[in-house]
Structures are given as C-alpha cells and as structure tokens.
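Trainee: One structure follows; several queries about it will come next.
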Amino acid sequence: MATAEKKRPRSSSSNGGVGKRLSRKEILGRKKAVEELIRKAVAMKDHLAQFPDFHKYQSNGLLVYLEYGYGNQLPLPTRKYIQNLLKVNMEGQYGLEWPSEEKVKRREMVAPEARYIFVRQSSNAITTQNIMKQDSRLEFTHEACNEDRLIGFVHYRFVLEEDVPVVYVYELQMESSAQGKGLGKFLMELVELIACKSQMGAVMLTVQKANNLAMAFYKKLRYVISSTSPSRVDPLIGLEKNYEILCKAFESEAKSILEEGN
C-alpha cells in the first residue's frame, strides 16, 4: 500500500471551526497555541524513542527493527533506496504522470520538515531464499548479508490543516515481501500514537483512487474521506481528481472540521 503526495484544495477558516464568533484576540491566541504545538513536535529529536514497544516488529515470519530519520539528513544510499522503492510501488499507478510526480516526491523526501520511520530487516533474519524472493526490480543499495537492510519506510510531517494541527503521512511504502503481514497496521498505529502524544488533532494522508488495496486498508483502520478532499469540497472537482484525502480525528473539534466539515 502507499500514499500519494500531499496535494489538495484549500478552504479558508477564520475561527478554527468553532461555532461562536471569536474575537481577534481569541483567534490570535488560538493560532499562537497551535503553532507552538507544531513547533514543539518538530523540535523533538526522536519520536520513536517514546514508544519502546514499537522498536521491533515480529509476526507472520517477519522480524524487523524501526529507526528514526530526518529528510535533510538522509545518507545517499538511503535516498536512492527511497527513490527506487517509490518508483517500483507508484509508477504503475501514476502512469504518464509519474515523471512529474517523481520530481515532486524527490523534493519532498529531503525537506527539513520531513520525518521518517525506517523499517530494517536484520541480517540474521535474512536467508538466501528470502533474498531471492525480493522484487527483481529493486536495486538494493545495502549488502543484505553484511548489515541490516531497509525494506520500507514512513514519511510524515507535522502540519496545519484548516487550523488544526495534524500528522500528515506523505508516504507509507513497503517492499512486496513485507506486505500482508500486519506491518502496515503496526506502522500506522505508531504514527497515531506519535500524533496523540504530540497533541495533534488527527492523522491525514492522500491515497490514489485507483489504489483499491490502500483504500480498503485505511478504511479498515477507520479512516474516512476528509471534508478537505476534492470529492467533498466540490463533487465536480472530485471527478477530475485521481486521489482522495483521508482522515482519522482524535478529538471533537478536529472531527468536526476535518471529517464533518463544520
């Protein structure tokens, strides 16, 4: 499964979705408080460190370890791996649009605000048989037998959506050998914990309409089409777009704004 790049129509919001009309002082106060939440979340060195139970995943014959990273600190082999996995997983879905979309994704992946959770398979857990089963299109940049090998990643950011602080998942990408084993659900649970711990109102992401597996996956995790998605902003515009914006809110105000559109 995979998420598409973060792109969507914008709508204005002057009072943060609150029913009563706020004074200018109240609006500025709320804005300052929300911006401070984002600042603190971005400033935290390692969100993964807060959740030791999520440092390792072992289930369904898969043993992997997670590590944290920053977009502007990616080693060259890691950047190449991300580019290659994106191409393998996403090129077919985008078709002729892929060359332009790939350029956007390459810029996004190294942005200072980009945060990563990398999935590494221990060399001790890799057998010759497993290596042979890997997607032949992937040009691995790690020596599988000598060190832990990347098999997937999550790219997310802390952003404002309609004046609500959220975690926006830019990418959830895994190699085919790691799919269907509960790892995707495990990673999304971690992202949701990070969002809640950071006092974000929701987790949001973008999915290609044609990606039926991803749509079903997120629906099972109780994500819904956001009120900011093109199909809900304007049905006619929605017909022209090939993606939906999904959302899972954690508190009433975020739910009212991002799910119900109030």
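We name chains A, B, ... following the order of the structure tokens; residues begin at 1 in each chain, and ligands are numbered from 1 as shown.
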Any chance you could list, as a CSV table (one decimal) with N, CA, C and O atoms, in the first residue's frame, the residues in stretch 116-243 of chain A that come up helix (DSSP H, G or I) when DSSP is run on the backbone?

Mentor:
```
chain,number,residue,atom,x,y,z
A,123,SER,N,20.0,-8.7,9.4
A,123,SER,CA,20.7,-9.6,8.5
A,123,SER,C,20.6,-11.1,9.0
A,123,SER,O,20.7,-12.0,8.3
A,124,ASN,N,20.4,-11.2,10.3
A,124,ASN,CA,20.2,-12.5,10.9
A,124,ASN,C,18.9,-13.2,10.5
A,124,ASN,O,18.8,-14.4,10.6
A,125,ALA,N,18.0,-12.3,10.1
A,125,ALA,CA,16.7,-12.9,9.7
A,125,ALA,C,16.5,-13.1,8.2
A,125,ALA,O,15.5,-13.6,7.7
A,128,THR,N,19.1,-16.9,2.2
A,128,THR,CA,19.2,-16.8,0.7
A,128,THR,C,17.9,-17.0,0.0
A,128,THR,O,17.6,-16.3,-1.0
A,129,GLN,N,17.0,-17.8,0.5
A,129,GLN,CA,15.7,-17.9,-0.1
A,129,GLN,C,14.9,-16.7,0.0
A,129,GLN,O,14.3,-16.3,-1.0
A,130,ASN,N,15.0,-15.9,1.1
A,130,ASN,CA,14.3,-14.7,1.2
A,130,ASN,C,14.8,-13.7,0.2
A,130,ASN,O,14.0,-12.9,-0.4
A,131,ILE,N,16.1,-13.6,0.1
A,131,ILE,CA,16.7,-12.6,-0.8
A,131,ILE,C,16.3,-12.9,-2.2
A,131,ILE,O,15.9,-12.0,-3.0
A,132,MET,N,16.2,-14.1,-2.6
A,132,MET,CA,15.8,-14.5,-4.0
A,132,MET,C,14.4,-14.1,-4.3
A,132,MET,O,14.0,-13.9,-5.4
A,133,LYS,N,13.6,-14.0,-3.2
A,133,LYS,CA,12.2,-13.7,-3.4
A,133,LYS,C,11.9,-12.2,-3.6
A,133,LYS,O,10.8,-11.8,-3.9
A,176,SER,N,7.3,-5.6,-1.5
A,176,SER,CA,6.2,-6.6,-1.6
A,176,SER,C,6.3,-7.7,-0.6
A,176,SER,O,5.3,-8.3,-0.1
A,177,SER,N,7.6,-8.1,-0.3
A,177,SER,CA,7.8,-9.2,0.7
A,177,SER,C,7.4,-8.9,2.1
A,177,SER,O,7.2,-9.8,2.9
A,178,ALA,N,7.2,-7.6,2.4
A,178,ALA,CA,6.8,-7.2,3.7
A,178,ALA,C,5.3,-6.9,3.9
A,178,ALA,O,4.8,-6.6,4.9
A,183,LEU,N,2.5,-5.4,9.1
A,183,LEU,CA,3.4,-4.4,9.4
A,183,LEU,C,2.9,-3.0,9.1
A,183,LEU,O,3.1,-2.0,9.9
A,184,GLY,N,2.1,-2.9,8.1
A,184,GLY,CA,1.5,-1.6,7.7
A,184,GLY,C,0.6,-1.1,8.9
A,184,GLY,O,0.6,0.1,9.2
A,185,LYS,N,-0.2,-2.0,9.4
A,185,LYS,CA,-1.1,-1.6,10.6
A,185,LYS,C,-0.3,-1.2,11.8
A,185,LYS,O,-0.6,-0.2,12.4
A,186,PHE,N,0.8,-1.9,12.0
A,186,PHE,CA,1.7,-1.6,13.1
A,186,PHE,C,2.3,-0.2,12.9
A,186,PHE,O,2.4,0.5,13.9
A,187,LEU,N,2.7,0.1,11.7
A,187,LEU,CA,3.3,1.4,11.5
A,187,LEU,C,2.3,2.5,11.6
A,187,LEU,O,2.6,3.6,12.2
A,188,MET,N,1.1,2.3,11.2
A,188,MET,CA,0.1,3.3,11.3
A,188,MET,C,-0.3,3.5,12.8
A,188,MET,O,-0.6,4.6,13.2
A,189,GLU,N,-0.4,2.5,13.5
A,189,GLU,CA,-0.6,2.6,15.0
A,189,GLU,C,0.4,3.4,15.6
A,189,GLU,O,0.1,4.3,16.5
A,190,LEU,N,1.7,3.3,15.2
A,190,LEU,CA,2.8,4.1,15.8
A,190,LEU,C,2.6,5.5,15.4
A,190,LEU,O,2.8,6.4,16.2
A,191,VAL,N,2.3,5.8,14.1
A,191,VAL,CA,2.1,7.2,13.7
A,191,VAL,C,0.9,7.8,14.5
A,191,VAL,O,1.0,9.0,14.9
A,192,GLU,N,-0.1,7.1,14.7
A,192,GLU,CA,-1.3,7.6,15.5
A,192,GLU,C,-0.8,7.9,17.0
A,192,GLU,O,-1.3,8.9,17.6
A,193,LEU,N,0.0,7.1,17.5
A,193,LEU,CA,0.5,7.3,18.9
A,193,LEU,C,1.3,8.6,18.9
A,193,LEU,O,1.3,9.4,19.9
A,194,ILE,N,2.2,8.7,17.9
A,194,ILE,CA,3.0,9.9,17.8
A,194,ILE,C,2.1,11.2,17.7
A,194,ILE,O,2.4,12.2,18.4
A,195,ALA,N,1.1,11.1,16.9
A,195,ALA,CA,0.2,12.2,16.8
A,195,ALA,C,-0.5,12.6,18.1
A,195,ALA,O,-0.6,13.7,18.5
A,196,CYS,N,-1.0,11.6,18.8
A,196,CYS,CA,-1.7,11.8,20.1
A,196,CYS,C,-0.7,12.3,21.1
A,196,CYS,O,-1.1,13.3,21.8
A,197,LYS,N,0.5,11.8,21.2
A,197,LYS,CA,1.4,12.2,22.2
A,197,LYS,C,1.9,13.6,21.9
A,197,LYS,O,2.1,14.4,22.9
A,212,ASN,N,-7.0,0.4,-4.8
A,212,ASN,CA,-8.1,-0.3,-4.1
A,212,ASN,C,-7.6,-0.9,-2.8
A,212,ASN,O,-8.3,-0.9,-1.8
A,213,LEU,N,-6.4,-1.5,-2.8
A,213,LEU,CA,-5.8,-2.2,-1.7
A,213,LEU,C,-5.6,-1.2,-0.5
A,213,LEU,O,-5.9,-1.4,0.6
A,214,ALA,N,-5.0,0.0,-0.9
A,214,ALA,CA,-4.7,1.0,0.1
A,214,ALA,C,-6.0,1.6,0.7
A,214,ALA,O,-6.1,1.8,1.9
A,215,MET,N,-7.0,1.8,-0.2
A,215,MET,CA,-8.3,2.4,0.3
A,215,MET,C,-8.9,1.4,1.3
A,215,MET,O,-9.5,1.8,2.3
A,216,ALA,N,-8.9,0.1,1.0
A,216,ALA,CA,-9.5,-0.9,1.8
A,216,ALA,C,-8.7,-0.9,3.1
A,216,ALA,O,-9.3,-1.1,4.2
A,217,PHE,N,-7.4,-0.9,3.1
A,217,PHE,CA,-6.6,-0.9,4.2
A,217,PHE,C,-6.9,0.2,5.2
A,217,PHE,O,-7.1,0.0,6.4
A,218,TYR,N,-7.0,1.4,4.7
A,218,TYR,CA,-7.2,2.6,5.6
A,218,TYR,C,-8.7,2.6,6.1
A,218,TYR,O,-8.9,3.0,7.2
A,219,LYS,N,-9.6,2.1,5.3
A,219,LYS,CA,-11.0,2.0,5.7
A,219,LYS,C,-11.1,1.1,6.9
A,219,LYS,O,-11.8,1.3,7.9
A,220,LYS,N,-10.3,0.0,6.9
A,220,LYS,CA,-10.3,-1.0,7.9
A,220,LYS,C,-9.7,-0.4,9.2
A,220,LYS,O,-10.1,-0.8,10.3
A,230,PRO,N,-11.1,16.6,-2.4
A,230,PRO,CA,-11.8,17.3,-3.6
A,230,PRO,C,-13.2,16.8,-3.8
A,230,PRO,O,-14.1,17.5,-4.1
A,231,SER,N,-13.5,15.5,-3.6
A,231,SER,CA,-14.8,14.9,-3.8
A,231,SER,C,-15.8,15.5,-2.9
A,231,SER,O,-17.0,15.4,-3.2
A,232,ARG,N,-15.4,16.0,-1.7
A,232,ARG,CA,-16.3,16.6,-0.7
A,232,ARG,C,-16.4,18.1,-0.8
A,232,ARG,O,-17.4,18.7,-0.4
A,233,VAL,N,-15.3,18.7,-1.3
A,233,VAL,CA,-15.3,20.1,-1.4
A,233,VAL,C,-16.2,20.5,-2.6
A,233,VAL,O,-17.0,21.4,-2.5
A,235,PRO,N,-18.1,18.1,-5.7
A,235,PRO,CA,-18.2,16.8,-6.5
A,235,PRO,C,-17.7,16.9,-7.9
A,235,PRO,O,-17.1,15.9,-8.4
A,236,LEU,N,-17.9,18.0,-8.6
A,236,LEU,CA,-17.4,18.1,-9.9
A,236,LEU,C,-15.9,18.1,-10.0
A,236,LEU,O,-15.3,17.5,-10.9
A,237,ILE,N,-15.3,18.9,-9.1
A,237,ILE,CA,-13.8,18.9,-9.0
A,237,ILE,C,-13.3,17.5,-8.6
A,237,ILE,O,-12.3,17.0,-9.2
A,238,GLY,N,-14.0,16.8,-7.7
A,238,GLY,CA,-13.6,15.5,-7.3
A,238,GLY,C,-13.6,14.5,-8.4
A,238,GLY,O,-12.7,13.6,-8.4
A,239,LEU,N,-14.5,14.7,-9.4
A,239,LEU,CA,-14.4,13.7,-10.6
A,239,LEU,C,-13.2,13.9,-11.4
A,239,LEU,O,-12.7,13.0,-12.0
A,240,GLU,N,-12.6,15.1,-11.4
A,240,GLU,CA,-11.4,15.4,-12.2
A,240,GLU,C,-10.1,14.9,-11.5
A,240,GLU,O,-9.1,14.8,-12.1
```

Trainee: Would you kindly return, as a PyMOL selection string, each protein, DNA or RNA residue with an atom no farther than 7 Å from any atom of stretch 54-57 of chain A, considering only C-alpha atoms and excluding same-chain residues fewer than 4 positions away?

Mentor: chain A and resi 63-66+190

Trainee: Next, dump the selected residues to file, keeping only all heavy atoms, as a short mmCIF file (atom, residue, chain, number, x, y, z; two decimals), in the first residue's frame.

Mentor:
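Written output follows (result-v5.cif):
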```cif
data_model
loop_
_atom_site.label_atom_id
_atom_site.label_comp_id
_atom_site.auth_asym_id
_atom_site.auth_seq_id
_atom_site.Cartn_x
_atom_site.Cartn_y
_atom_site.Cartn_z
N LEU A 63 10.67 -10.30 10.92
CA LEU A 63 11.37 -9.70 12.04
C LEU A 63 12.08 -8.45 11.55
O LEU A 63 13.00 -8.52 10.74
CB LEU A 63 12.39 -10.68 12.63
CG LEU A 63 13.32 -10.11 13.72
CD1 LEU A 63 12.53 -9.58 14.90
CD2 LEU A 63 14.33 -11.16 14.17
N VAL A 64 11.61 -7.28 12.03
CA VAL A 64 12.18 -6.02 11.58
C VAL A 64 12.40 -5.10 12.77
O VAL A 64 11.78 -5.26 13.83
CB VAL A 64 11.28 -5.31 10.54
CG1 VAL A 64 11.11 -6.16 9.30
CG2 VAL A 64 9.92 -4.97 11.15
N TYR A 65 13.24 -4.10 12.55
CA TYR A 65 13.53 -3.10 13.56
C TYR A 65 13.27 -1.72 12.96
O TYR A 65 13.49 -1.50 11.77
CB TYR A 65 14.99 -3.21 14.01
CG TYR A 65 15.31 -4.54 14.63
CD1 TYR A 65 15.71 -5.62 13.83
CD2 TYR A 65 15.20 -4.74 16.00
CE1 TYR A 65 16.00 -6.86 14.40
CE2 TYR A 65 15.49 -5.97 16.57
CZ TYR A 65 15.88 -7.02 15.77
OH TYR A 65 16.15 -8.25 16.33
N LEU A 66 12.80 -0.81 13.78
CA LEU A 66 12.49 0.54 13.31
C LEU A 66 13.56 1.53 13.77
O LEU A 66 14.14 1.37 14.84
CB LEU A 66 11.12 0.99 13.83
CG LEU A 66 9.93 0.07 13.56
CD1 LEU A 66 8.63 0.76 13.97
CD2 LEU A 66 9.87 -0.36 12.10
N LEU A 190 1.69 3.26 15.22
CA LEU A 190 2.78 4.07 15.76
C LEU A 190 2.60 5.53 15.38
O LEU A 190 2.76 6.42 16.23
CB LEU A 190 4.11 3.54 15.24
CG LEU A 190 5.35 4.39 15.57
CD1 LEU A 190 5.51 4.56 17.07
CD2 LEU A 190 6.59 3.76 14.95
#
```

Trainee: Write down as a PyMOL selection string the residues of stretch 13-260 of chain A whose backbone DSSP state falls under strand (DSSP E).

Mentor: chain A and resi 56-59+62-70+115-121+149-161+164-174+202-208+224-225+243-249

Trainee: Which neighbours of A:Arg79 fall inside 12 Å, counting only C-alpha atoms, when residues of the same chain fewer than 4 positions from it are skipped, and could you give them as a count of residues only?

Mentor: 25

Trainee: Could you please determine the separation between atom CA of A:Glu101 and atom CA of A:Glu259 in Å, to one decimal place?

Mentor: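 If I compute the distance from atom CA of A:Glu101 to atom CA of A:Glu259, I get 27.1 Å.
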
Trainee: As an exercise, work out the distance from atom CA of A:Leu37 to atom CA of A:Met200 in Å and give it to one decimal place.

Mentor: 7.8 Å

Trainee: Between A:Leu160, A:Val104, A:Leu96, A:Val119, which has the minimum distance to A:Leu172 (counting only C-alpha atoms)?

Mentor: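 Of A:Leu160, A:Val104, A:Leu96, A:Val119, the one nearest A:Leu172, counting only C-alpha atoms, is A:Val119.
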
Trainee: Kindly give the distance, in Å, that separates atom CA of A:Ile225 and atom CA of A:Lys248, rounded to a single decimal.

Mentor: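 Taking atom CA of A:Ile225 as the start and atom CA of A:Lys248 as the end point, the length is 9.0 Å.
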